[in-house]
Structure formats: structure tokens, C-alpha cells
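Here is start.cif, consisting of mmCIF, C-alpha atoms:
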```cif
data_upload
loop_
_atom_site.label_atom_id
_atom_site.label_comp_id
_atom_site.auth_asym_id
_atom_site.auth_seq_id
_atom_site.Cartn_x
_atom_site.Cartn_y
_atom_site.Cartn_z
CA MET A 1 -32.54 30.69 46.46
CA GLU A 2 -28.75 31.10 46.20
CA LEU A 3 -26.88 33.16 48.79
CA SER A 4 -23.31 34.49 49.05
CA VAL A 5 -21.18 34.12 52.19
CA ARG A 6 -22.08 37.68 53.21
CA GLU A 7 -25.80 37.04 52.67
CA ALA A 8 -25.65 33.72 54.55
CA ALA A 9 -23.87 35.41 57.47
CA SER A 10 -26.50 38.15 57.52
CA ARG A 11 -29.38 35.66 57.43
CA LEU A 12 -27.92 33.56 60.24
CA GLY A 13 -26.90 36.59 62.30
CA VAL A 14 -23.21 35.70 62.55
CA SER A 15 -19.89 36.87 61.08
CA GLU A 16 -18.53 35.71 57.73
CA ASN A 17 -15.65 34.04 59.59
CA THR A 18 -18.21 32.00 61.53
CA ILE A 19 -19.79 30.89 58.27
CA TYR A 20 -16.41 29.67 56.98
CA ARG A 21 -15.75 27.89 60.28
CA TRP A 22 -19.16 26.20 60.24
CA VAL A 23 -18.57 24.98 56.69
CA GLU A 24 -15.25 23.40 57.69
CA GLU A 25 -16.09 22.15 61.20
CA ARG A 26 -19.86 21.69 61.41
CA GLY A 27 -20.95 20.64 57.94
CA LEU A 28 -22.82 23.81 56.96
CA PRO A 29 -23.99 22.91 53.42
CA ALA A 30 -22.21 24.98 50.77
CA TYR A 31 -21.31 24.80 47.09
CA ARG A 32 -18.23 26.03 45.24
CA VAL A 33 -18.91 28.47 42.42
CA ASN A 34 -15.84 30.13 40.87
CA GLU A 35 -13.79 29.55 44.05
CA SER A 36 -16.52 31.12 46.20
CA TYR A 37 -19.07 29.51 48.49
CA ARG A 38 -22.77 29.65 47.66
CA PHE A 39 -25.63 28.57 49.92
CA ASN A 40 -29.22 27.41 49.50
CA ALA A 41 -31.62 29.24 51.86
CA ALA A 42 -33.73 26.15 52.57
CA GLU A 43 -30.64 24.08 53.35
CA LEU A 44 -29.33 26.76 55.73
CA LEU A 45 -32.58 26.62 57.67
CA GLU A 46 -32.57 22.81 57.70
CA TRP A 47 -28.98 22.82 58.99
CA ALA A 48 -29.79 25.38 61.68
CA ASN A 49 -32.76 23.31 62.81
CA SER A 50 -30.59 20.17 63.07
CA ASN A 51 -27.75 21.89 64.97
CA PRO A 52 -27.54 23.91 68.18
CA VAL A 53 -28.19 27.09 66.21
CA GLN A 54 -31.46 29.00 66.39
CA PRO A 55 -32.28 30.44 62.93
CA PRO A 56 -33.29 34.10 63.06
CA GLN A 57 -36.49 35.30 61.43
CA SER A 58 -34.36 37.09 58.81
CA LEU A 59 -33.55 33.74 57.23
CA ILE A 60 -37.23 33.44 56.36
CA GLU A 61 -37.89 37.11 55.66
CA GLY A 62 -35.18 37.25 53.00
CA ALA A 63 -37.30 35.39 50.46
CA ASP A 64 -38.69 37.72 47.81
CA GLU A 65 -42.35 36.91 48.33
CA ALA A 66 -45.35 38.23 50.22
CA PRO A 67 -45.75 36.90 53.78
CA PRO A 68 -47.29 33.40 53.71
CA ALA A 69 -50.91 33.05 54.83
CA PHE A 70 -50.93 29.71 56.60
CA THR A 71 -50.83 28.07 59.99
CA LEU A 72 -49.34 24.81 61.20
CA VAL A 73 -52.89 23.78 62.09
CA ASP A 74 -54.02 24.37 58.50
CA ALA A 75 -51.07 22.44 57.07
CA LEU A 76 -51.57 19.45 59.40
CA GLN A 77 -55.29 19.37 58.69
CA ALA A 78 -54.54 19.44 54.96
CA GLY A 79 -51.93 16.67 55.18
CA GLY A 80 -53.47 14.45 57.82
CA VAL A 81 -51.99 11.78 60.08
CA HIS A 82 -51.26 8.35 58.57
CA PRO A 83 -50.31 5.41 60.83
CA GLY A 84 -48.81 2.09 59.76
CA VAL A 85 -46.89 3.38 56.72
CA ARG A 86 -44.73 0.58 55.37
CA GLY A 87 -41.22 0.33 53.94
CA ALA A 88 -38.04 -1.65 54.54
CA ASP A 89 -35.72 1.28 53.75
CA ALA A 90 -35.82 5.01 53.11
CA PRO A 91 -36.73 4.82 49.37
CA GLU A 92 -39.56 2.37 50.06
CA VAL A 93 -40.84 4.51 52.90
CA LEU A 94 -40.79 7.65 50.77
CA ARG A 95 -42.72 5.86 48.02
CA SER A 96 -45.34 4.84 50.58
CA VAL A 97 -45.46 8.38 51.96
CA VAL A 98 -45.98 9.91 48.53
CA ALA A 99 -48.84 7.47 47.96
CA VAL A 100 -50.75 8.79 51.00
CA VAL A 101 -50.03 12.53 50.73
CA PRO A 102 -53.38 14.16 49.86
CA LEU A 103 -52.51 15.89 46.57
CA PRO A 104 -54.71 17.16 43.74
CA ALA A 105 -55.91 14.44 41.36
CA ASP A 106 -53.64 15.66 38.55
CA ALA A 107 -50.51 15.88 40.71
CA ASN A 108 -47.42 14.06 39.45
CA ARG A 109 -46.63 11.81 42.41
CA GLU A 110 -43.71 10.14 40.66
CA LEU A 111 -42.07 13.53 40.14
CA LEU A 112 -42.56 14.36 43.81
CA LEU A 113 -41.01 11.03 44.80
CA GLN A 114 -37.97 11.65 42.61
CA MET A 115 -37.54 15.13 44.10
CA LEU A 116 -37.70 13.71 47.64
CA LEU A 117 -35.18 10.99 46.76
CA ALA A 118 -32.88 13.56 45.16
CA ARG A 119 -33.02 15.67 48.32
CA GLU A 120 -32.13 12.68 50.52
CA SER A 121 -29.21 11.82 48.21
CA ILE A 122 -27.44 15.07 49.14
CA GLY A 123 -28.10 14.77 52.86
CA SER A 124 -30.61 13.12 55.16
CA THR A 125 -33.63 15.07 56.35
CA GLY A 126 -33.59 12.97 59.54
CA ILE A 127 -33.32 15.61 62.29
CA GLY A 128 -32.86 13.17 65.19
CA ASP A 129 -34.94 11.40 67.84
CA GLY A 130 -36.56 9.20 65.19
CA VAL A 131 -38.03 12.09 63.17
CA ALA A 132 -37.42 13.09 59.55
CA ILE A 133 -38.85 15.99 57.55
CA PRO A 134 -38.59 14.91 53.89
CA HIS A 135 -39.20 17.61 51.31
CA ALA A 136 -37.94 18.65 47.92
CA ARG A 137 -34.72 20.72 47.78
CA SER A 138 -36.58 23.18 45.56
CA PRO A 139 -39.66 23.93 47.67
CA ILE A 140 -41.83 24.98 44.71
CA VAL A 141 -42.99 21.46 43.94
CA MET A 142 -46.45 21.94 42.46
CA HIS A 143 -49.36 24.33 42.42
CA LEU A 144 -51.33 23.91 45.64
CA PRO A 145 -54.00 26.09 47.24
CA ARG A 146 -52.17 25.78 50.57
CA PRO A 147 -49.10 24.03 52.01
CA ILE A 148 -49.31 20.47 53.31
CA VAL A 149 -47.68 18.79 56.29
CA CYS A 150 -48.38 15.07 56.07
CA LEU A 151 -47.52 13.17 59.26
CA CYS A 152 -46.70 9.48 58.78
CA TYR A 153 -45.99 6.97 61.54
CA LEU A 154 -43.99 4.03 60.18
CA GLU A 155 -44.97 0.42 60.78
CA GLN A 156 -41.33 -0.22 61.66
CA PRO A 157 -38.32 2.13 62.10
CA VAL A 158 -35.88 2.39 59.18
CA GLU A 159 -32.32 3.60 58.76
CA PHE A 160 -32.47 7.14 57.36
CA GLY A 161 -28.97 8.51 57.86
CA ALA A 162 -30.27 10.85 60.58
CA VAL A 163 -27.91 13.26 62.32
CA ASP A 164 -27.95 11.24 65.54
CA GLY A 165 -27.62 7.86 63.80
CA LYS A 166 -30.97 6.64 65.14
CA PRO A 167 -33.54 4.95 62.87
CA VAL A 168 -36.56 7.01 61.84
CA HIS A 169 -40.11 6.12 62.85
CA THR A 170 -41.96 9.38 62.16
CA LEU A 171 -41.98 11.55 59.05
CA PHE A 172 -43.42 15.02 58.50
CA THR A 173 -43.55 15.51 54.74
CA ILE A 174 -43.77 19.12 53.58
CA VAL A 175 -45.20 20.11 50.19
CA SER A 176 -45.32 23.88 49.66
CA PRO A 177 -46.34 26.16 46.79
CA THR A 178 -43.67 28.84 47.42
CA ILE A 179 -40.18 29.19 48.82
CA LYS A 180 -41.12 31.57 51.63
CA THR A 181 -44.02 29.40 52.75
CA HIS A 182 -41.68 26.39 52.76
CA LEU A 183 -39.07 28.16 54.90
CA ALA A 184 -41.63 29.55 57.32
CA LEU A 185 -43.41 26.21 57.68
CA LEU A 186 -40.14 24.33 58.14
CA SER A 187 -39.13 26.79 60.86
CA ARG A 188 -42.48 26.52 62.63
CA LEU A 189 -42.44 22.72 62.49
CA ALA A 190 -38.91 22.65 63.92
CA PHE A 191 -40.09 24.95 66.72
CA ALA A 192 -43.02 22.58 67.36
CA LEU A 193 -40.74 19.56 67.62
CA ARG A 194 -38.77 21.35 70.36
CA ASP A 195 -42.02 21.97 72.24
CA LYS A 196 -42.36 19.25 74.89
CA PRO A 197 -46.16 18.71 74.76
CA PHE A 198 -46.19 18.60 70.96
CA ALA A 199 -43.14 16.30 70.81
CA GLU A 200 -44.64 13.98 73.42
CA ALA A 201 -47.91 13.77 71.48
CA VAL A 202 -45.95 12.82 68.37
CA ALA A 203 -43.93 10.24 70.33
CA ARG A 204 -47.26 8.70 71.45
CA ARG A 205 -48.27 8.53 67.78
CA GLY A 206 -51.09 10.89 68.51
CA ALA A 207 -53.97 11.34 66.07
CA VAL A 208 -54.61 14.67 64.39
CA ALA A 209 -57.22 15.61 67.04
CA GLU A 210 -54.55 15.29 69.75
CA LEU A 211 -51.93 17.28 67.82
CA LEU A 212 -54.06 20.20 66.66
CA PRO A 213 -54.47 21.94 70.07
CA HIS A 214 -50.68 21.91 70.50
CA ALA A 215 -50.20 23.13 66.91
CA ARG A 216 -52.71 25.92 67.49
CA ARG A 217 -50.83 27.04 70.61
CA ILE A 218 -47.55 26.98 68.67
CA ASP A 219 -49.09 29.05 65.88
CA GLY A 220 -49.95 31.64 68.52
CA LEU A 221 -46.44 31.59 69.95
CA THR A 222 -44.63 31.90 66.63
CA ALA A 223 -46.88 34.12 64.52
CA GLY A 224 -44.91 37.32 63.94
CA SER A 225 -43.05 37.14 67.24
CA GLU A 226 -40.49 34.37 66.95
CA ARG A 227 -37.01 35.87 66.93
CA PRO A 228 -34.59 33.10 67.99
CA LYS A 229 -30.89 33.91 68.09
CA ALA A 230 -28.03 32.22 66.31
CA ASP A 231 -24.93 30.80 67.99
CA PRO A 232 -23.00 34.00 68.89
CA ARG A 233 -19.53 32.45 68.84
CA PRO A 234 -17.20 34.22 66.33
#
```
Could you quickly redo this structure as C-alpha cells?
Amino acid sequence: MELSVREAASRLGVSENTIYRWVEERGLPAYRVNESYRFNAAELLEWANSNPVQPPQSLIEGADEAPPAFTLVDALQAGGVHPGVRGADAPEVLRSVVAVVPLPADANRELLLQMLLARESIGSTGIGDGVAIPHARSPIVMHLPRPIVCLCYLEQPVEFGAVDGKPVHTLFTIVSPTIKTHLALLSRLAFALRDKPFAEAVARRGAVAELLPHARRIDGLTAGSERPKADPRP
């Protein structure tokens, strides 16, 4: 979903001058089209989640789709928790992750892998503290009855180009059927990773039974009421 500077400013709740400043000083992802900046909605949300900026609900609500019917609990139950995932580097790890993601029998796993690799090639999905959220740049990856969040604990940490320079040991892989579901799920997962009990359970490499009560509580906190504010500086 391509946005203009004005639309990006509106979605992030800041001025257009702030958008230009963030592009130059803080690495806000942008593309040049006929001497003008253009933005990808999913990448704006990813950037906001990896920086001291709280993305407003309008960034999600701007997608031209019906509200997504899902919960973080549903997505984690669908994706499962997978310990001991192997790989000596990011591409090997992503191949191993794609192998364990519970997809329909006819799903093209090689295509999904290539989309994940392509996304990493334009910027790491490592959000810091040893966690990455790999997903395709275009969230509409394949036809699924519901979105998936597949949690993988790595056998050994790997360099992932994360924002804090730390190796990654935990990956939440998102596979979504629609753009709006992808944005909403990415936002809710980022909220969860800022939640101390949930983050501590992940750091302990908790099983799905340990994570689900925290995820259920987070679903209750964020469903229809989450309105975080963006950095107000001009």
C-alpha cells in the first residue's frame, strides 16, 4: 500500500516536516518516485515499532479492508511454538523456519522463503533484544483461513542485522491473508513484546501454554482501544 508524504504524516500523526526529518535523520523507509517520497504502510509500522515512536491506530485503519477477525491467541495457536530451530546464518534460519510453519499442504514454501529473504535484503526485521519478526514485504502471501504467528526459538543465536546489533535467538514469523490483518497483527505483536510478562515468558523460551494467557490478556487490552501516540516533536 503506497502512501504520499501527506498520507504518511496523517497515518503517523505528525507533520510533513517531521516525516522529511525522520527520513533524513532516523531512517524512515521511503522511495523516490518522480522526485517525491512514497512510503509502504507495512514498513512505516515496522519502523515505528522499532523506534521510539508509538504508531497510532490510524496507520492500521487506513487499509481499505473490513476489520480483521482475529486474535493474537488464535494466530499463536495456529502457528505454534517450535524450539531448537537450526541455522548458521539468517538465510539458513529462515529456510528452517519456513519448513516448520504450519501451512496448507499445497502452499508454495519456496515462494514464501524467497519473499522473506527479499524482505530481509531491504532491511532487517530484527527489532532488538534478540527478537526478529520476519514476514513478506507484501503481506498478502497466500490464501489462508486465518493469520499465523509461528514462534521459533533458535538452537543458537545468529547475526540478523538487528537495530541494536545484537544476534537474534527468537523469531515470530507472520503469514497473513490480507494487508489490514498483517498490519493489525504486527502492531499487536509489537505491543505484546513491550509487555513485561509476555516478553519475560518469551525470554524463558516458554511453551505455547505459557504464552497464551499473556496473549489473551493483551488481546483484551488492545482490541478496539489501543490508541498510542506518535513522537510529537515537529
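Atom CA of A:Arg6 is found 26.9 Å from atom CA of A:Leu189.
You can rank A:Ser96, A:Thr181, A:Thr18, A:Ser4 by their closest distance to A:Glu35 using only C-alpha atoms, and at the top of that list sits A:Ser4.
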### Gap from atom CA of A:Tyr153 to atom CA of A:Glu43 - Å, one decimal
24.4 Å
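For the set A:Ile148, A:Ala192, A:Val168, A:Ala41, the residue with the smallest atom-to-atom gap to A:Gly220 is A:Ala192, counting only C-alpha atoms.
With only C-alpha atoms as the atoms that count, the residue of A:Val14, A:Leu185, A:Ala8, A:Leu151 with the shortest distance to A:His82 is A:Leu151.
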Can you list what the PyMOL selection byres ((chain A and resi 3) around 7) grabs from this structure, as a PDB file with C-alpha atoms, in the coordinates of the input?
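Written output follows (selection_20.pdb):
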```
ATOM      1  CA  MET A   1     -32.540  30.690  46.460  1.00  0.00           C
ATOM      2  CA  GLU A   2     -28.750  31.100  46.200  1.00  0.00           C
ATOM      3  CA  SER A   4     -23.310  34.490  49.050  1.00  0.00           C
ATOM      4  CA  VAL A   5     -21.180  34.120  52.190  1.00  0.00           C
ATOM      5  CA  GLU A   7     -25.800  37.040  52.670  1.00  0.00           C
ATOM      6  CA  ALA A   8     -25.650  33.720  54.550  1.00  0.00           C
ATOM      7  CA  ARG A  38     -22.770  29.650  47.660  1.00  0.00           C
ATOM      8  CA  PHE A  39     -25.630  28.570  49.920  1.00  0.00           C
ATOM      9  CA  ASN A  40     -29.220  27.410  49.500  1.00  0.00           C
ATOM     10  CA  ALA A  41     -31.620  29.240  51.860  1.00  0.00           C
TER      11      ALA A  41
END
```
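With atom CA of A:Ile179 on one side and atom CA of A:Gly161 on the other, the separation reads 25.2 Å.
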### Task
Carefully work through the PyMOL selection byres ((chain A and resi 79) around 8) for this structure and note down the residues it includes, as number ranges by chain.
A: 75-78, 80-81, 101-102, 148-151
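Of the residues under consideration (A:Leu117, A:Ala136, A:Ala9, A:Val23), A:Ala136 shows the shortest atom-to-atom contact distance to A:His182 when counting only C-alpha atoms.
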